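Only one structure is covered here, and it is reproduced in the block below.
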Amino acid sequence: MRITVHLIESNGTRRDVTGHAGQSLMRAATAAAVDGIAADCGGCMTCATCHVIVDPAWTERLPAASADEDAMLDTTAVPRQPTSRLSCQIALDDSLDGLVAGLPESQY
Ligand code: FES
């Protein structure tokens, strides 16, 4: 099953990207050439340039952030919000089909 995620750019433009179970949201977004996700470290959780702000309606479907992810979220270019996550740490699965997440104005 293809999993579709709706990414909302800071200017309001919606980008729909598709991925597959087990793929990270970051990988699905970069494969779709979404400019708002830089992902400089390639998913090693050392850059925080894959920041997304998950729609509050979806946060409970995601596993809680690890302590390491939580620490990295303190280093995002645009200050973290209550539902901020690193998209490299969001593993897509069928329950996330339809996920909505915003992109910060900048990753730097
Ligand atoms: S891609 Fe670098 S922290 Fe997610």
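So you can find residues: chains in the structure tokens are A, B, ... in the order shown, residues in each start at 1, and ligands are numbered from 1 in order.
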Checklist line | Environment of ligand 1 within 7 Å, counting only C-alpha atoms and all ligand atoms, reported as a list in words | finding: Met26, Ala39, Asp40, Cys41, Gly42, Gly43, Cys44, Met45, Thr46, Cys47, Ala48, Thr49, Cys50, Leu86, Ser87, Cys88 and Gln89 of chain A
Generate the output file for the selected residues, N, CA, C and O atoms, as a PDB file, in the first residue's frame.
```pdb
ATOM      1  N   MET A  26      11.083  11.508   5.994  1.00  0.00           N
ATOM      2  CA  MET A  26      12.147  12.289   5.357  1.00  0.00           C
ATOM      3  C   MET A  26      12.505  11.702   3.994  1.00  0.00           C
ATOM      4  O   MET A  26      12.629  12.426   3.009  1.00  0.00           O
ATOM      5  N   ALA A  39      17.497  17.696   5.205  1.00  0.00           N
ATOM      6  CA  ALA A  39      17.999  16.374   5.617  1.00  0.00           C
ATOM      7  C   ALA A  39      19.487  16.208   5.315  1.00  0.00           C
ATOM      8  O   ALA A  39      19.908  15.212   4.735  1.00  0.00           O
ATOM      9  N   ASP A  40      20.271  17.165   5.745  1.00  0.00           N
ATOM     10  CA  ASP A  40      21.705  17.161   5.433  1.00  0.00           C
ATOM     11  C   ASP A  40      22.441  15.915   5.914  1.00  0.00           C
ATOM     12  O   ASP A  40      23.412  15.490   5.294  1.00  0.00           O
ATOM     13  N   CYS A  41      22.018  15.354   7.023  1.00  0.00           N
ATOM     14  CA  CYS A  41      22.775  14.226   7.582  1.00  0.00           C
ATOM     15  C   CYS A  41      22.300  12.890   7.032  1.00  0.00           C
ATOM     16  O   CYS A  41      22.855  11.843   7.373  1.00  0.00           O
ATOM     17  N   GLY A  42      21.282  12.915   6.199  1.00  0.00           N
ATOM     18  CA  GLY A  42      20.810  11.673   5.591  1.00  0.00           C
ATOM     19  C   GLY A  42      20.060  10.757   6.538  1.00  0.00           C
ATOM     20  O   GLY A  42      19.888   9.572   6.255  1.00  0.00           O
ATOM     21  N   GLY A  43      19.644  11.295   7.657  1.00  0.00           N
ATOM     22  CA  GLY A  43      18.844  10.485   8.577  1.00  0.00           C
ATOM     23  C   GLY A  43      19.596   9.986   9.794  1.00  0.00           C
ATOM     24  O   GLY A  43      19.074   9.159  10.541  1.00  0.00           O
ATOM     25  N   CYS A  44      20.817  10.492  10.001  1.00  0.00           N
ATOM     26  CA  CYS A  44      21.619  10.071  11.169  1.00  0.00           C
ATOM     27  C   CYS A  44      21.229  10.820  12.442  1.00  0.00           C
ATOM     28  O   CYS A  44      21.832  10.599  13.493  1.00  0.00           O
ATOM     29  N   MET A  45      20.273  11.716  12.328  1.00  0.00           N
ATOM     30  CA  MET A  45      19.789  12.502  13.456  1.00  0.00           C
ATOM     31  C   MET A  45      20.877  13.400  14.042  1.00  0.00           C
ATOM     32  O   MET A  45      21.029  13.505  15.252  1.00  0.00           O
ATOM     33  N   THR A  46      21.630  14.027  13.148  1.00  0.00           N
ATOM     34  CA  THR A  46      22.662  14.959  13.610  1.00  0.00           C
ATOM     35  C   THR A  46      22.522  16.343  12.989  1.00  0.00           C
ATOM     36  O   THR A  46      23.414  17.179  13.158  1.00  0.00           O
ATOM     37  N   CYS A  47      21.440  16.603  12.236  1.00  0.00           N
ATOM     38  CA  CYS A  47      21.371  17.899  11.553  1.00  0.00           C
ATOM     39  C   CYS A  47      20.131  18.717  11.891  1.00  0.00           C
ATOM     40  O   CYS A  47      20.174  19.932  11.831  1.00  0.00           O
ATOM     41  N   ALA A  48      19.040  18.078  12.191  1.00  0.00           N
ATOM     42  CA  ALA A  48      17.774  18.760  12.500  1.00  0.00           C
ATOM     43  C   ALA A  48      17.258  19.609  11.338  1.00  0.00           C
ATOM     44  O   ALA A  48      16.493  20.545  11.554  1.00  0.00           O
ATOM     45  N   THR A  49      17.694  19.291  10.098  1.00  0.00           N
ATOM     46  CA  THR A  49      17.180  20.026   8.940  1.00  0.00           C
ATOM     47  C   THR A  49      16.071  19.240   8.229  1.00  0.00           C
ATOM     48  O   THR A  49      15.790  19.463   7.053  1.00  0.00           O
ATOM     49  N   CYS A  50      15.469  18.353   8.959  1.00  0.00           N
ATOM     50  CA  CYS A  50      14.312  17.594   8.435  1.00  0.00           C
ATOM     51  C   CYS A  50      13.090  17.865   9.304  1.00  0.00           C
ATOM     52  O   CYS A  50      12.174  17.060   9.358  1.00  0.00           O
ATOM     53  N   LEU A  86      11.328  15.315  13.972  1.00  0.00           N
ATOM     54  CA  LEU A  86      12.297  15.143  12.893  1.00  0.00           C
ATOM     55  C   LEU A  86      11.717  14.105  11.945  1.00  0.00           C
ATOM     56  O   LEU A  86      11.425  12.971  12.357  1.00  0.00           O
ATOM     57  N   SER A  87      11.562  14.488  10.677  1.00  0.00           N
ATOM     58  CA  SER A  87      10.888  13.582   9.746  1.00  0.00           C
ATOM     59  C   SER A  87      11.700  12.324   9.469  1.00  0.00           C
ATOM     60  O   SER A  87      11.139  11.305   9.043  1.00  0.00           O
ATOM     61  N   CYS A  88      13.008  12.349   9.746  1.00  0.00           N
ATOM     62  CA  CYS A  88      13.797  11.122   9.554  1.00  0.00           C
ATOM     63  C   CYS A  88      13.485  10.088  10.623  1.00  0.00           C
ATOM     64  O   CYS A  88      13.870   8.918  10.479  1.00  0.00           O
ATOM     65  N   GLN A  89      12.815  10.508  11.668  1.00  0.00           N
ATOM     66  CA  GLN A  89      12.488   9.592  12.762  1.00  0.00           C
ATOM     67  C   GLN A  89      11.038   9.134  12.722  1.00  0.00           C
ATOM     68  O   GLN A  89      10.580   8.422  13.613  1.00  0.00           O
TER      69      GLN A  89
END
```
Next item on the list: Step one, run DSSP on the backbone; step two, keep only residues of chain A assigned to strand (DSSP E); then write them as a list in words.
Entry: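 Listing strand (DSSP E) positions across chain A yields Ile3, Thr4, Val5, His6, Leu7, Ile8, Arg14, Arg15, Asp16, Val17, Thr18, Gly19, His51, Val52, Ile53, Val54, Ser84, Arg85, Leu86, Val100, Ala101 and Gly102 of chain A.
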Take the residues just selected and output them with N, CA, C and O atoms as a tab-separated table (two decimals), in the first residue's frame.
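Output (out36.tsv):
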```tsv
chain	number	residue	atom	x	y	z
A	3	ILE	N	1.50	5.00	0.92
A	3	ILE	CA	1.08	5.86	2.03
A	3	ILE	C	1.27	7.31	1.58
A	3	ILE	O	2.36	7.69	1.15
A	4	THR	N	0.20	8.07	1.65
A	4	THR	CA	0.26	9.46	1.22
A	4	THR	C	0.33	10.38	2.42
A	4	THR	O	-0.45	10.24	3.37
A	5	VAL	N	1.27	11.31	2.37
A	5	VAL	CA	1.43	12.30	3.43
A	5	VAL	C	1.27	13.68	2.80
A	5	VAL	O	1.78	13.93	1.69
A	6	HIS	N	0.55	14.53	3.47
A	6	HIS	CA	0.30	15.89	2.98
A	6	HIS	C	1.22	16.86	3.73
A	6	HIS	O	1.06	17.03	4.94
A	7	LEU	N	2.15	17.44	3.02
A	7	LEU	CA	3.07	18.40	3.62
A	7	LEU	C	2.64	19.81	3.23
A	7	LEU	O	2.40	20.08	2.05
A	8	ILE	N	2.54	20.67	4.22
A	8	ILE	CA	2.09	22.04	3.98
A	8	ILE	C	3.29	22.97	4.10
A	8	ILE	O	3.87	23.11	5.19
A	14	ARG	N	0.35	22.96	-0.58
A	14	ARG	CA	0.31	21.58	-0.12
A	14	ARG	C	1.08	20.70	-1.09
A	14	ARG	O	0.86	20.77	-2.30
A	15	ARG	N	1.96	19.88	-0.56
A	15	ARG	CA	2.69	18.90	-1.35
A	15	ARG	C	2.30	17.52	-0.87
A	15	ARG	O	2.46	17.20	0.30
A	16	ASP	N	1.75	16.72	-1.75
A	16	ASP	CA	1.41	15.36	-1.40
A	16	ASP	C	2.55	14.44	-1.81
A	16	ASP	O	2.98	14.47	-2.97
A	17	VAL	N	3.06	13.68	-0.88
A	17	VAL	CA	4.14	12.75	-1.20
A	17	VAL	C	3.67	11.35	-0.81
A	17	VAL	O	2.88	11.18	0.10
A	18	THR	N	4.18	10.38	-1.54
A	18	THR	CA	3.83	9.00	-1.22
A	18	THR	C	5.09	8.24	-0.82
A	18	THR	O	6.19	8.50	-1.30
A	19	GLY	N	4.88	7.31	0.08
A	19	GLY	CA	5.97	6.46	0.52
A	19	GLY	C	5.44	5.06	0.78
A	19	GLY	O	4.29	4.75	0.45
A	51	HIS	N	13.12	19.02	9.95
A	51	HIS	CA	12.08	19.42	10.90
A	51	HIS	C	10.70	19.51	10.23
A	51	HIS	O	10.57	20.10	9.16
A	52	VAL	N	9.72	18.93	10.85
A	52	VAL	CA	8.32	19.10	10.44
A	52	VAL	C	7.48	19.37	11.68
A	52	VAL	O	7.88	19.03	12.80
A	53	ILE	N	6.34	20.00	11.46
A	53	ILE	CA	5.41	20.26	12.54
A	53	ILE	C	4.15	19.45	12.25
A	53	ILE	O	3.40	19.74	11.31
A	54	VAL	N	3.96	18.41	13.00
A	54	VAL	CA	2.86	17.48	12.75
A	54	VAL	C	1.53	18.11	13.15
A	54	VAL	O	1.42	18.77	14.19
A	84	SER	N	6.41	19.49	16.98
A	84	SER	CA	7.56	19.34	16.08
A	84	SER	C	8.15	17.94	16.18
A	84	SER	O	8.23	17.36	17.26
A	85	ARG	N	8.62	17.46	15.04
A	85	ARG	CA	9.33	16.17	14.97
A	85	ARG	C	10.41	16.26	13.91
A	85	ARG	O	10.39	17.14	13.05
A	86	LEU	N	11.33	15.32	13.97
A	86	LEU	CA	12.30	15.14	12.89
A	86	LEU	C	11.72	14.10	11.94
A	86	LEU	O	11.42	12.97	12.36
A	100	VAL	N	-0.81	14.70	8.03
A	100	VAL	CA	-0.63	16.10	7.65
A	100	VAL	C	0.48	16.68	8.52
A	100	VAL	O	0.46	16.52	9.75
A	101	ALA	N	1.44	17.35	7.89
A	101	ALA	CA	2.52	17.99	8.65
A	101	ALA	C	2.94	19.27	7.94
A	101	ALA	O	2.99	19.32	6.71
A	102	GLY	N	3.24	20.28	8.72
A	102	GLY	CA	3.71	21.53	8.17
A	102	GLY	C	5.23	21.54	8.05
A	102	GLY	O	5.93	20.81	8.76
```
Next item on the list: Write down as JSON, numbers by chain the residues belonging to region 29-105 of chain A that are assigned alpha helix (DSSP H) by DSSP computed on the backbone.
Entry: {"A": [29, 30, 31, 67, 68, 69, 70, 71, 72]}
Note to self: Env of Glu60 (chain A): 12 Å cut, atoms = only C-alpha atoms, seq-sep filter 6 positions within chain, self excluded. Answer as a PyMOL selection string.
What the structure shows: chain A and resi 54+83+95-96+99
Note to self: Just want the 10 Å neighbourhood of Asn11 (chain A), counted on only C-alpha atoms, with same-chain residues fewer than 6 positions away dropped. Output as a PyMOL selection string.
What the structure shows: chain A and resi 103-105
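When CA of Ala77 (chain A) is paired with CA of Ala21 (chain A), their separation reads 28.7 Å.
The environment of Gln23 (chain A) within 8 Å, counting only C-alpha atoms and disregarding residues fewer than 5 places along the same chain, consists of Ala28, Ala91 and Leu92 of chain A.
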Next item on the list: Give me, please, the distance in Å between CA of Gly22 (chain A) and CA of Asp93 (chain A), quoted to one decimal.
Entry: 6.3 Å
